[in-house]
Amino acid sequence: MSGYSLTYIYHDCFVWETREAIFVFDYWKDPLAAGADKDNPPLLTELQRGKRVYVLVSHHHKDHFTRRIFRWGSVLDDVRYIISRDVYKSVSYLFREDGDYRGTKPDPNRVTVLEPGEVFENELARVSAFGSTDIGNSYAVECGTFRIFHAGDLNAWLWIDESTPREIEEARVAFTDIVAGIREKFPEFDLVMFPVDSRLGREYWWGAKYFVEHINVRMFVPMHFELVLDEKDKQQRRLDAAAFNLFGRNSYGSYLQLAATRACYIFRP
């Protein structure tokens with residue numbers, strides 16, 4: 001592979017592949033697994049490429065996490081899990097040696113729990129955990145000189161049509177404070193995956209706009225817009241997420257519209 005590849009799976013789940021490793025972010029479900037065994041989705045077969053697999057989970061909400069990922073260890077030869085503290089708490093029974101649970105348990109030596117401010121590092125990657133304006137973590141991942149960011153649920157969740165001015169201001173401050181901490185350590189990223197969710201109503205794009213105005217982003221990828229059953233509404237939300245004229249920084253970087261699930265994009269180092 002001459003570059004790095006990014007494959008959009010669903011909602012906020014992506015697979016990022018380098019020459020040496022594969023990173024899975026916030027796997028929730030595989031849209032190609034309908035009618036199939038959810039414990040062995042097509043994605044799991046696609047990950048069997050002889051490389052180390054890192055599975056990162058930002059938090060335990062059902063649209064970012066499923067405990068089924070811990071069963072992948074019986075299929076993948078070399079897998080590591082990097083999870084937030086709230087994820088660990090939500091499935092702590094899986095790690096109890098004297099517990100009543102008799103199903104598949106993860107190898108604790110392959111699981112790293114990170115809180116904001118903490119770092120995981122080995123010979124292939126460095127993962128820095130930052131905070132979120134919801135729960136859990138956001139992650140910066142470094143492989144060589146390439147730097148990417150997955151926001152999890154970090155966003156300016158400004159429900160302007162439903163909130164008081166004070167609540168809106170508090171949401172802005174909470175978000176901008178976290179971005180300031182990220183910018184201090186990472187003033188630029190090669191790739192950023194970030195929520196652009198028009199459920200928020202007016203100014204749904206404000207968080208994305210602020211992020212790219214304060215951090216140099218070579219390629220911006222929107223996410224977190226699939227939570228709707230009606231296909232017409234889903235298409236509209238995809239278009240809303242791709243309305244880069246609202247938040248795109250014309251003077252720097254590029255913006256990627258996700259055409260469909262399983263779309264794969266190549267980035268040159």
# chains A, B, ... in the order shown; residues from 1 in each chain; ligands from 1

call {"tool": "residues_around", "arguments": {"residues": "A:Ala174", "least_positions_apart": "4", "cutoff": "12 Å", "atoms": "only C-alpha atoms", "output": "ChimeraX atom specification"}}
result
/A:131-134,154-158,167-170,178-181,207

call {"tool": "write_last_selection", "arguments": {"atoms": "C-alpha atoms", "output": "PDB file, in the first residue's frame"}}
result
ATOM      1  CA  GLY A 131     -11.802  15.025  26.695  1.00  0.00           C
ATOM      2  CA  SER A 132     -15.323  15.108  25.315  1.00  0.00           C
ATOM      3  CA  THR A 133     -18.288  17.429  25.735  1.00  0.00           C
ATOM      4  CA  ASP A 134     -20.477  14.365  26.224  1.00  0.00           C
ATOM      5  CA  LEU A 154     -16.627  15.873  21.181  1.00  0.00           C
ATOM      6  CA  ASN A 155     -18.603  18.698  19.610  1.00  0.00           C
ATOM      7  CA  ALA A 156     -20.271  22.006  20.413  1.00  0.00           C
ATOM      8  CA  TRP A 157     -23.672  20.489  21.171  1.00  0.00           C
ATOM      9  CA  LEU A 158     -25.583  23.739  20.766  1.00  0.00           C
ATOM     10  CA  GLU A 167     -26.777  26.757  28.549  1.00  0.00           C
ATOM     11  CA  ILE A 168     -25.600  27.674  25.061  1.00  0.00           C
ATOM     12  CA  GLU A 169     -22.701  29.714  26.403  1.00  0.00           C
ATOM     13  CA  GLU A 170     -21.704  26.942  28.810  1.00  0.00           C
ATOM     14  CA  ILE A 178     -11.087  21.147  25.174  1.00  0.00           C
ATOM     15  CA  VAL A 179     -10.092  22.323  21.698  1.00  0.00           C
ATOM     16  CA  ALA A 180      -7.543  24.659  23.274  1.00  0.00           C
ATOM     17  CA  GLY A 181      -5.953  21.689  25.051  1.00  0.00           C
ATOM     18  CA  GLY A 207     -18.284  23.052  16.358  1.00  0.00           C
TER      19      GLY A 207
END

call {"tool": "residues_around", "arguments": {"residues": "stretch 63-80 of chain A", "least_positions_apart": "3", "cutoff": "7 Å", "atoms": "only C-alpha atoms", "output": "mmCIF file with all heavy atoms, in the first residue's frame"}}
result
data_model
loop_
_atom_site.group_PDB
_atom_site.id
_atom_site.type_symbol
_atom_site.label_atom_id
_atom_site.label_comp_id
_atom_site.auth_asym_id
_atom_site.auth_seq_id
_atom_site.Cartn_x
_atom_site.Cartn_y
_atom_site.Cartn_z
ATOM 1 N N ASP A 26 -14.672 3.347 17.044
ATOM 2 C CA ASP A 26 -16.078 3.388 17.460
ATOM 3 C C ASP A 26 -16.976 2.470 16.639
ATOM 4 O O ASP A 26 -18.002 2.889 16.087
ATOM 5 C CB ASP A 26 -16.588 4.834 17.409
ATOM 6 C CG ASP A 26 -16.190 5.630 18.643
ATOM 7 O OD1 ASP A 26 -15.392 5.119 19.443
ATOM 8 O OD2 ASP A 26 -16.666 6.767 18.807
ATOM 9 N N TYR A 27 -16.593 1.184 16.581
ATOM 10 C CA TYR A 27 -17.449 0.210 15.908
ATOM 11 C C TYR A 27 -18.725 0.002 16.706
ATOM 12 O O TYR A 27 -18.692 -0.277 17.902
ATOM 13 C CB TYR A 27 -16.735 -1.126 15.724
ATOM 14 C CG TYR A 27 -17.636 -2.179 15.115
ATOM 15 C CD1 TYR A 27 -17.809 -2.222 13.734
ATOM 16 C CD2 TYR A 27 -18.326 -3.081 15.909
ATOM 17 C CE1 TYR A 27 -18.657 -3.172 13.160
ATOM 18 C CE2 TYR A 27 -19.176 -4.032 15.345
ATOM 19 C CZ TYR A 27 -19.345 -4.066 13.979
ATOM 20 O OH TYR A 27 -20.187 -5.000 13.411
ATOM 21 N N TRP A 28 -19.822 0.130 16.002
ATOM 22 C CA TRP A 28 -21.137 -0.088 16.603
ATOM 23 C C TRP A 28 -21.847 -1.251 15.906
ATOM 24 O O TRP A 28 -22.246 -2.236 16.508
ATOM 25 C CB TRP A 28 -21.932 1.212 16.510
ATOM 26 C CG TRP A 28 -23.397 1.102 16.729
ATOM 27 C CD1 TRP A 28 -24.045 0.233 17.568
ATOM 28 C CD2 TRP A 28 -24.420 1.892 16.116
ATOM 29 N NE1 TRP A 28 -25.393 0.434 17.508
ATOM 30 C CE2 TRP A 28 -25.652 1.449 16.627
ATOM 31 C CE3 TRP A 28 -24.404 2.932 15.195
ATOM 32 C CZ2 TRP A 28 -26.868 2.018 16.235
ATOM 33 C CZ3 TRP A 28 -25.604 3.498 14.820
ATOM 34 C CH2 TRP A 28 -26.817 3.045 15.335
ATOM 35 N N ASP A 39 -21.883 -11.442 15.533
ATOM 36 C CA ASP A 39 -20.592 -11.666 16.170
ATOM 37 C C ASP A 39 -19.469 -11.836 15.142
ATOM 38 O O ASP A 39 -18.295 -11.736 15.488
ATOM 39 C CB ASP A 39 -20.644 -12.900 17.066
ATOM 40 C CG ASP A 39 -21.524 -12.684 18.287
ATOM 41 O OD1 ASP A 39 -21.701 -11.512 18.681
ATOM 42 O OD2 ASP A 39 -22.047 -13.665 18.825
ATOM 43 N N GLN A 48 -8.777 -9.286 8.748
ATOM 44 C CA GLN A 48 -7.807 -10.377 8.810
ATOM 45 C C GLN A 48 -6.795 -10.229 7.667
ATOM 46 O O GLN A 48 -6.826 -10.929 6.664
ATOM 47 C CB GLN A 48 -8.544 -11.717 8.736
ATOM 48 C CG GLN A 48 -9.498 -11.941 9.896
ATOM 49 C CD GLN A 48 -10.317 -13.203 9.761
ATOM 50 O OE1 GLN A 48 -9.807 -14.249 9.378
ATOM 51 N NE2 GLN A 48 -11.600 -13.117 10.079
ATOM 52 N N ARG A 52 -1.424 -5.963 12.882
ATOM 53 C CA ARG A 52 -1.979 -5.701 14.202
ATOM 54 C C ARG A 52 -3.208 -4.806 14.063
ATOM 55 O O ARG A 52 -3.211 -3.852 13.289
ATOM 56 C CB ARG A 52 -0.959 -5.044 15.121
ATOM 57 C CG ARG A 52 -1.504 -4.743 16.525
ATOM 58 C CD ARG A 52 -0.425 -4.246 17.442
ATOM 59 N NE ARG A 52 0.624 -5.249 17.576
ATOM 60 C CZ ARG A 52 1.793 -5.022 18.177
ATOM 61 N NH1 ARG A 52 2.077 -3.820 18.652
ATOM 62 N NH2 ARG A 52 2.684 -5.990 18.289
ATOM 63 N N VAL A 53 -4.250 -5.116 14.825
ATOM 64 C CA VAL A 53 -5.489 -4.347 14.791
ATOM 65 C C VAL A 53 -5.684 -3.642 16.137
ATOM 66 O O VAL A 53 -5.635 -4.275 17.187
ATOM 67 C CB VAL A 53 -6.705 -5.253 14.498
ATOM 68 C CG1 VAL A 53 -8.003 -4.438 14.540
ATOM 69 C CG2 VAL A 53 -6.552 -5.944 13.145
ATOM 70 N N TYR A 54 -5.872 -2.342 16.075
ATOM 71 C CA TYR A 54 -6.192 -1.545 17.254
ATOM 72 C C TYR A 54 -7.669 -1.161 17.185
ATOM 73 O O TYR A 54 -8.118 -0.586 16.183
ATOM 74 C CB TYR A 54 -5.350 -0.267 17.308
ATOM 75 C CG TYR A 54 -3.869 -0.496 17.468
ATOM 76 C CD1 TYR A 54 -3.051 -0.677 16.349
ATOM 77 C CD2 TYR A 54 -3.285 -0.525 18.728
ATOM 78 C CE1 TYR A 54 -1.688 -0.877 16.478
ATOM 79 C CE2 TYR A 54 -1.913 -0.728 18.878
ATOM 80 C CZ TYR A 54 -1.123 -0.908 17.751
ATOM 81 O OH TYR A 54 0.226 -1.112 17.896
ATOM 82 N N VAL A 55 -8.403 -1.484 18.219
ATOM 83 C CA VAL A 55 -9.822 -1.137 18.287
ATOM 84 C C VAL A 55 -9.982 -0.056 19.351
ATOM 85 O O VAL A 55 -9.753 -0.298 20.541
ATOM 86 C CB VAL A 55 -10.681 -2.369 18.629
ATOM 87 C CG1 VAL A 55 -12.158 -1.989 18.651
ATOM 88 C CG2 VAL A 55 -10.433 -3.488 17.621
ATOM 89 N N VAL A 57 -12.313 2.817 21.300
ATOM 90 C CA VAL A 57 -13.692 3.144 21.662
ATOM 91 C C VAL A 57 -13.688 4.429 22.468
ATOM 92 O O VAL A 57 -13.034 4.519 23.512
ATOM 93 C CB VAL A 57 -14.349 2.014 22.478
ATOM 94 C CG1 VAL A 57 -15.832 2.313 22.683
ATOM 95 C CG2 VAL A 57 -14.163 0.665 21.802
ATOM 96 N N HIS A 59 -16.464 6.025 23.861
ATOM 97 C CA HIS A 59 -17.351 5.962 25.032
ATOM 98 C C HIS A 59 -18.384 4.865 24.804
ATOM 99 O O HIS A 59 -18.441 4.262 23.732
ATOM 100 C CB HIS A 59 -18.018 7.313 25.302
ATOM 101 C CG HIS A 59 -18.903 7.819 24.219
ATOM 102 N ND1 HIS A 59 -18.419 8.249 23.006
ATOM 103 C CD2 HIS A 59 -20.249 7.979 24.148
ATOM 104 C CE1 HIS A 59 -19.419 8.656 22.248
ATOM 105 N NE2 HIS A 59 -20.542 8.489 22.913
ATOM 106 N N HIS A 60 -19.222 4.617 25.815
ATOM 107 C CA HIS A 60 -20.055 3.418 25.801
ATOM 108 C C HIS A 60 -21.434 3.602 25.179
ATOM 109 O O HIS A 60 -22.214 2.640 25.141
ATOM 110 C CB HIS A 60 -20.240 2.894 27.233
ATOM 111 C CG HIS A 60 -21.186 3.712 28.068
ATOM 112 N ND1 HIS A 60 -20.797 4.875 28.695
ATOM 113 C CD2 HIS A 60 -22.502 3.552 28.361
ATOM 114 C CE1 HIS A 60 -21.827 5.381 29.357
ATOM 115 N NE2 HIS A 60 -22.869 4.614 29.159
ATOM 116 N N THR A 104 -17.349 -15.302 26.357
ATOM 117 C CA THR A 104 -15.997 -14.936 25.941
ATOM 118 C C THR A 104 -15.535 -13.687 26.672
ATOM 119 O O THR A 104 -16.238 -12.673 26.702
ATOM 120 C CB THR A 104 -15.946 -14.686 24.421
ATOM 121 O OG1 THR A 104 -16.417 -15.852 23.739
ATOM 122 C CG2 THR A 104 -14.532 -14.355 23.974
ATOM 123 N N LYS A 105 -14.362 -13.768 27.269
ATOM 124 C CA LYS A 105 -13.800 -12.636 27.991
ATOM 125 C C LYS A 105 -12.548 -12.131 27.282
ATOM 126 O O LYS A 105 -11.771 -12.913 26.739
ATOM 127 C CB LYS A 105 -13.442 -13.034 29.425
ATOM 128 C CG LYS A 105 -14.641 -13.419 30.282
ATOM 129 C CD LYS A 105 -14.215 -13.717 31.712
ATOM 130 C CE LYS A 105 -15.416 -14.064 32.582
ATOM 131 N NZ LYS A 105 -15.024 -14.325 33.987
ATOM 132 N N PRO A 106 -12.346 -10.816 27.284
ATOM 133 C CA PRO A 106 -11.135 -10.280 26.647
ATOM 134 C C PRO A 106 -9.896 -10.570 27.482
ATOM 135 O O PRO A 106 -9.972 -10.701 28.709
ATOM 136 C CB PRO A 106 -11.424 -8.773 26.585
ATOM 137 C CG PRO A 106 -12.348 -8.522 27.727
ATOM 138 C CD PRO A 106 -13.209 -9.752 27.835
ATOM 139 N N ARG A 110 -4.452 -7.231 26.664
ATOM 140 C CA ARG A 110 -4.648 -6.593 25.363
ATOM 141 C C ARG A 110 -5.575 -5.381 25.443
ATOM 142 O O ARG A 110 -5.968 -4.836 24.410
ATOM 143 C CB ARG A 110 -5.207 -7.610 24.367
ATOM 144 C CG ARG A 110 -4.241 -8.742 24.040
ATOM 145 C CD ARG A 110 -4.874 -9.742 23.090
ATOM 146 N NE ARG A 110 -3.923 -10.809 22.739
ATOM 147 C CZ ARG A 110 -3.134 -10.783 21.690
ATOM 148 N NH1 ARG A 110 -3.166 -9.751 20.875
ATOM 149 N NH2 ARG A 110 -2.311 -11.781 21.426
ATOM 150 N N VAL A 111 -5.938 -4.993 26.648
ATOM 151 C CA VAL A 111 -6.875 -3.877 26.839
ATOM 152 C C VAL A 111 -6.181 -2.757 27.609
ATOM 153 O O VAL A 111 -5.594 -2.983 28.668
ATOM 154 C CB VAL A 111 -8.131 -4.330 27.608
ATOM 155 C CG1 VAL A 111 -9.086 -3.147 27.813
ATOM 156 C CG2 VAL A 111 -8.847 -5.449 26.850
#

call {"tool": "residues_around", "arguments": {"residues": "A:Leu246", "least_positions_apart": "5", "cutoff": "9 Å", "atoms": "only C-alpha atoms", "output": "list of chain:residue names"}}
result
A:Trp205, A:Trp206, A:Lys209

call {"tool": "write_last_selection", "arguments": {"atoms": "N, CA, C and O atoms", "output": "PDB file, in the first residue's frame"}}
result
ATOM      1  N   TRP A 205     -23.332  23.316  12.582  1.00  0.00           N
ATOM      2  CA  TRP A 205     -21.973  23.241  12.046  1.00  0.00           C
ATOM      3  C   TRP A 205     -20.967  24.026  12.874  1.00  0.00           C
ATOM      4  O   TRP A 205     -19.783  24.049  12.563  1.00  0.00           O
ATOM      5  N   TRP A 206     -21.407  24.695  13.951  1.00  0.00           N
ATOM      6  CA  TRP A 206     -20.549  25.624  14.674  1.00  0.00           C
ATOM      7  C   TRP A 206     -19.290  24.946  15.228  1.00  0.00           C
ATOM      8  O   TRP A 206     -18.188  25.490  15.157  1.00  0.00           O
ATOM      9  N   LYS A 209     -16.763  24.258  12.469  1.00  0.00           N
ATOM     10  CA  LYS A 209     -16.180  25.522  12.014  1.00  0.00           C
ATOM     11  C   LYS A 209     -15.113  26.000  12.985  1.00  0.00           C
ATOM     12  O   LYS A 209     -14.012  26.397  12.590  1.00  0.00           O
TER      13      LYS A 209
END

call {"tool": "residues_around", "arguments": {"residues": "stretch 112-121 of chain A", "least_positions_apart": "2", "cutoff": "10 Å", "atoms": "only C-alpha atoms", "output": "JSON, numbers by chain"}}
result
{"A": [56, 57, 58, 80, 81, 82, 83, 84, 85, 86, 87, 88, 108, 109, 110, 123, 124, 125, 126, 127, 128, 129, 130, 131, 132, 136, 137, 138, 139, 140, 141, 142, 181, 182]}

call {"tool": "atom_distance", "arguments": {"atom1": "atom CA of A:Val196", "atom2": "atom CA of A:Ile9"}}
result
16.3 Å

call {"tool": "atom_distance", "arguments": {"atom1": "atom CA of A:Thr45", "atom2": "atom CA of A:Ala259"}}
result
22.8 Å

call {"tool": "closest_residue", "arguments": {"among": "A:Gly201, A:Pro41, A:Gly248, A:Pro31", "to": "A:Trp159", "atoms": "only C-alpha atoms"}}
result
A:Gly201

call {"tool": "select_by_dssp", "arguments": {"residues": "stretch 88-159 of chain A", "states": "helix (DSSP H, G or I)", "output": "list of chain:residue names"}}
result
A:Tyr88, A:Lys89, A:Ser90, A:Ser92, A:Tyr93, A:Leu94, A:Phe95, A:Pro108, A:Asn109, A:Arg110

call {"tool": "select_by_dssp", "arguments": {"residues": "stretch 24-232 of chain A", "states": "strand (DSSP E)", "output": "number ranges by chain"}}
result
A: 24-25, 52-57, 79-84, 111-114, 119-121, 126-130, 138-143, 146-150, 188-195, 216-223

call {"tool": "residues_around", "arguments": {"residues": "A:Arg199", "least_positions_apart": "5", "cutoff": "9 Å", "atoms": "only C-alpha atoms", "output": "ChimeraX atom specification"}}
result
/A:159,204,225,237

call {"tool": "closest_residue", "arguments": {"among": "A:Leu94, A:Ala260, A:Met219, A:Ala208", "to": "A:Arg238", "atoms": "only C-alpha atoms"}}
result
A:Ala260

call {"tool": "residues_around", "arguments": {"residues": "A:Ile215", "least_positions_apart": "4", "cutoff": "10 Å", "atoms": "only C-alpha atoms", "output": "ChimeraX atom specification"}}
result
/A:179-180,182-184,186-189,210-211

call {"tool": "write_last_selection", "arguments": {"atoms": "N, CA and C atoms", "output": "PDB file, in the first residue's frame"}}
result
ATOM      1  N   VAL A 179     -10.821  22.084  22.946  1.00  0.00           N
ATOM      2  CA  VAL A 179     -10.092  22.323  21.698  1.00  0.00           C
ATOM      3  C   VAL A 179      -8.774  23.037  21.968  1.00  0.00           C
ATOM      4  N   ALA A 180      -8.783  23.959  22.930  1.00  0.00           N
ATOM      5  CA  ALA A 180      -7.543  24.659  23.274  1.00  0.00           C
ATOM      6  C   ALA A 180      -6.487  23.679  23.767  1.00  0.00           C
ATOM      7  N   ILE A 182      -6.280  20.491  22.970  1.00  0.00           N
ATOM      8  CA  ILE A 182      -5.838  19.701  21.821  1.00  0.00           C
ATOM      9  C   ILE A 182      -4.844  20.502  20.988  1.00  0.00           C
ATOM     10  N   ARG A 183      -5.190  21.762  20.732  1.00  0.00           N
ATOM     11  CA  ARG A 183      -4.336  22.606  19.897  1.00  0.00           C
ATOM     12  C   ARG A 183      -2.951  22.797  20.511  1.00  0.00           C
ATOM     13  N   GLU A 184      -2.872  22.831  21.820  1.00  0.00           N
ATOM     14  CA  GLU A 184      -1.585  23.013  22.490  1.00  0.00           C
ATOM     15  C   GLU A 184      -0.615  21.892  22.137  1.00  0.00           C
ATOM     16  N   PHE A 186      -1.377  19.475  19.533  1.00  0.00           N
ATOM     17  CA  PHE A 186      -1.502  19.127  18.116  1.00  0.00           C
ATOM     18  C   PHE A 186      -2.052  20.334  17.354  1.00  0.00           C
ATOM     19  N   PRO A 187      -1.207  21.242  16.950  1.00  0.00           N
ATOM     20  CA  PRO A 187      -1.695  22.401  16.193  1.00  0.00           C
ATOM     21  C   PRO A 187      -2.163  22.050  14.791  1.00  0.00           C
ATOM     22  N   GLU A 188      -1.860  20.823  14.334  1.00  0.00           N
ATOM     23  CA  GLU A 188      -2.334  20.401  13.018  1.00  0.00           C
ATOM     24  C   GLU A 188      -2.498  18.890  12.962  1.00  0.00           C
ATOM     25  N   PHE A 189      -3.423  18.461  12.108  1.00  0.00           N
ATOM     26  CA  PHE A 189      -3.681  17.047  11.867  1.00  0.00           C
ATOM     27  C   PHE A 189      -3.722  16.798  10.364  1.00  0.00           C
ATOM     28  N   TYR A 210     -15.420  25.946  14.273  1.00  0.00           N
ATOM     29  CA  TYR A 210     -14.457  26.400  15.280  1.00  0.00           C
ATOM     30  C   TYR A 210     -13.205  25.533  15.249  1.00  0.00           C
ATOM     31  N   PHE A 211     -13.386  24.222  15.120  1.00  0.00           N
ATOM     32  CA  PHE A 211     -12.250  23.295  15.148  1.00  0.00           C
ATOM     33  C   PHE A 211     -11.282  23.596  14.010  1.00  0.00           C
TER      34      PHE A 211
END

call {"tool": "closest_residue", "arguments": {"among": "A:Phe14, A:Phe267, A:Tyr255, A:Phe149", "to": "A:Phe220", "atoms": "only C-alpha atoms"}}
result
A:Tyr255

call {"tool": "atom_distance", "arguments": {"atom1": "atom CA of A:Glu213", "atom2": "atom CA of A:Ala242"}}
result
17.0 Å

call {"tool": "closest_residue", "arguments": {"among": "A:Phe25, A:Tyr265, A:Phe95, A:Tyr252", "to": "A:Phe194", "atoms": "only C-alpha atoms"}}
result
A:Phe25

call {"tool": "residues_around", "arguments": {"residues": "A:Leu32", "least_positions_apart": "2", "cutoff": "8 Å", "atoms": "only C-alpha atoms", "output": "PDB file with N, CA and C atoms, in the first residue's frame"}}
result
ATOM      1  N   ASP A  30     -22.148  -3.234  11.707  1.00  0.00           N
ATOM      2  CA  ASP A  30     -21.747  -3.323  10.312  1.00  0.00           C
ATOM      3  C   ASP A  30     -23.019  -3.356   9.469  1.00  0.00           C
ATOM      4  N   ALA A  34     -26.596  -7.336   8.071  1.00  0.00           N
ATOM      5  CA  ALA A  34     -28.017  -7.615   8.189  1.00  0.00           C
ATOM      6  C   ALA A  34     -28.311  -9.057   7.808  1.00  0.00           C
ATOM      7  N   PRO A  41     -19.261 -10.151  11.744  1.00  0.00           N
ATOM      8  CA  PRO A  41     -19.681  -9.297  10.631  1.00  0.00           C
ATOM      9  C   PRO A  41     -18.663  -9.346   9.496  1.00  0.00           C
ATOM     10  N   PRO A  42     -19.059  -8.951   8.287  1.00  0.00           N
ATOM     11  CA  PRO A  42     -18.103  -8.902   7.173  1.00  0.00           C
ATOM     12  C   PRO A  42     -16.855  -8.097   7.505  1.00  0.00           C
TER      13      PRO A  42
END

call {"tool": "closest_residue", "arguments": {"among": "A:Lys232, A:Arg268, A:Gly152, A:Leu44", "to": "A:Arg19", "atoms": "only C-alpha atoms"}}
result
A:Arg268

call {"tool": "decode", "arguments": {"residues": "stretch 37-75 of chain A", "atoms": "C-alpha atoms", "output": "PDB file, in the first residue's frame"}}
result
ATOM      1  CA  ASP A  37     -24.163 -13.402  12.545  1.00  0.00           C
ATOM      2  CA  LYS A  38     -23.517 -10.107  14.327  1.00  0.00           C
ATOM      3  CA  ASP A  39     -20.592 -11.666  16.170  1.00  0.00           C
ATOM      4  CA  ASN A  40     -18.844 -12.291  12.846  1.00  0.00           C
ATOM      5  CA  PRO A  41     -19.681  -9.297  10.631  1.00  0.00           C
ATOM      6  CA  PRO A  42     -18.103  -8.902   7.173  1.00  0.00           C
ATOM      7  CA  LEU A  43     -15.841  -6.235   8.653  1.00  0.00           C
ATOM      8  CA  LEU A  44     -14.210  -8.839  10.879  1.00  0.00           C
ATOM      9  CA  THR A  45     -13.189 -10.851   7.825  1.00  0.00           C
ATOM     10  CA  GLU A  46     -11.838  -7.687   6.182  1.00  0.00           C
ATOM     11  CA  LEU A  47      -9.606  -7.050   9.213  1.00  0.00           C
ATOM     12  CA  GLN A  48      -7.807 -10.377   8.810  1.00  0.00           C
ATOM     13  CA  ARG A  49      -4.896  -8.961   6.830  1.00  0.00           C
ATOM     14  CA  GLY A  50      -1.955 -10.148   8.912  1.00  0.00           C
ATOM     15  CA  LYS A  51      -1.539  -6.784  10.624  1.00  0.00           C
ATOM     16  CA  ARG A  52      -1.979  -5.701  14.202  1.00  0.00           C
ATOM     17  CA  VAL A  53      -5.489  -4.347  14.791  1.00  0.00           C
ATOM     18  CA  TYR A  54      -6.192  -1.545  17.254  1.00  0.00           C
ATOM     19  CA  VAL A  55      -9.822  -1.137  18.287  1.00  0.00           C
ATOM     20  CA  LEU A  56     -10.478   2.278  19.828  1.00  0.00           C
ATOM     21  CA  VAL A  57     -13.692   3.144  21.662  1.00  0.00           C
ATOM     22  CA  SER A  58     -14.445   6.722  22.672  1.00  0.00           C
ATOM     23  CA  HIS A  59     -17.351   5.962  25.032  1.00  0.00           C
ATOM     24  CA  HIS A  60     -20.055   3.418  25.801  1.00  0.00           C
ATOM     25  CA  HIS A  61     -23.114   4.948  24.070  1.00  0.00           C
ATOM     26  CA  LYS A  62     -24.804   2.375  21.868  1.00  0.00           C
ATOM     27  CA  ASP A  63     -24.026   4.261  18.647  1.00  0.00           C
ATOM     28  CA  HIS A  64     -20.283   4.098  19.420  1.00  0.00           C
ATOM     29  CA  PHE A  65     -19.753   0.761  21.138  1.00  0.00           C
ATOM     30  CA  THR A  66     -20.800  -2.874  21.306  1.00  0.00           C
ATOM     31  CA  ARG A  67     -19.270  -5.438  23.626  1.00  0.00           C
ATOM     32  CA  ARG A  68     -19.106  -7.845  20.664  1.00  0.00           C
ATOM     33  CA  ILE A  69     -15.740  -6.311  19.737  1.00  0.00           C
ATOM     34  CA  PHE A  70     -14.159  -8.216  22.619  1.00  0.00           C
ATOM     35  CA  ARG A  71     -14.998 -11.475  20.870  1.00  0.00           C
ATOM     36  CA  TRP A  72     -12.802 -10.506  17.938  1.00  0.00           C
ATOM     37  CA  GLY A  73      -9.776 -11.623  19.920  1.00  0.00           C
ATOM     38  CA  SER A  74     -10.665 -15.234  19.164  1.00  0.00           C
ATOM     39  CA  VAL A  75     -10.506 -14.515  15.412  1.00  0.00           C
TER      40      VAL A  75
END
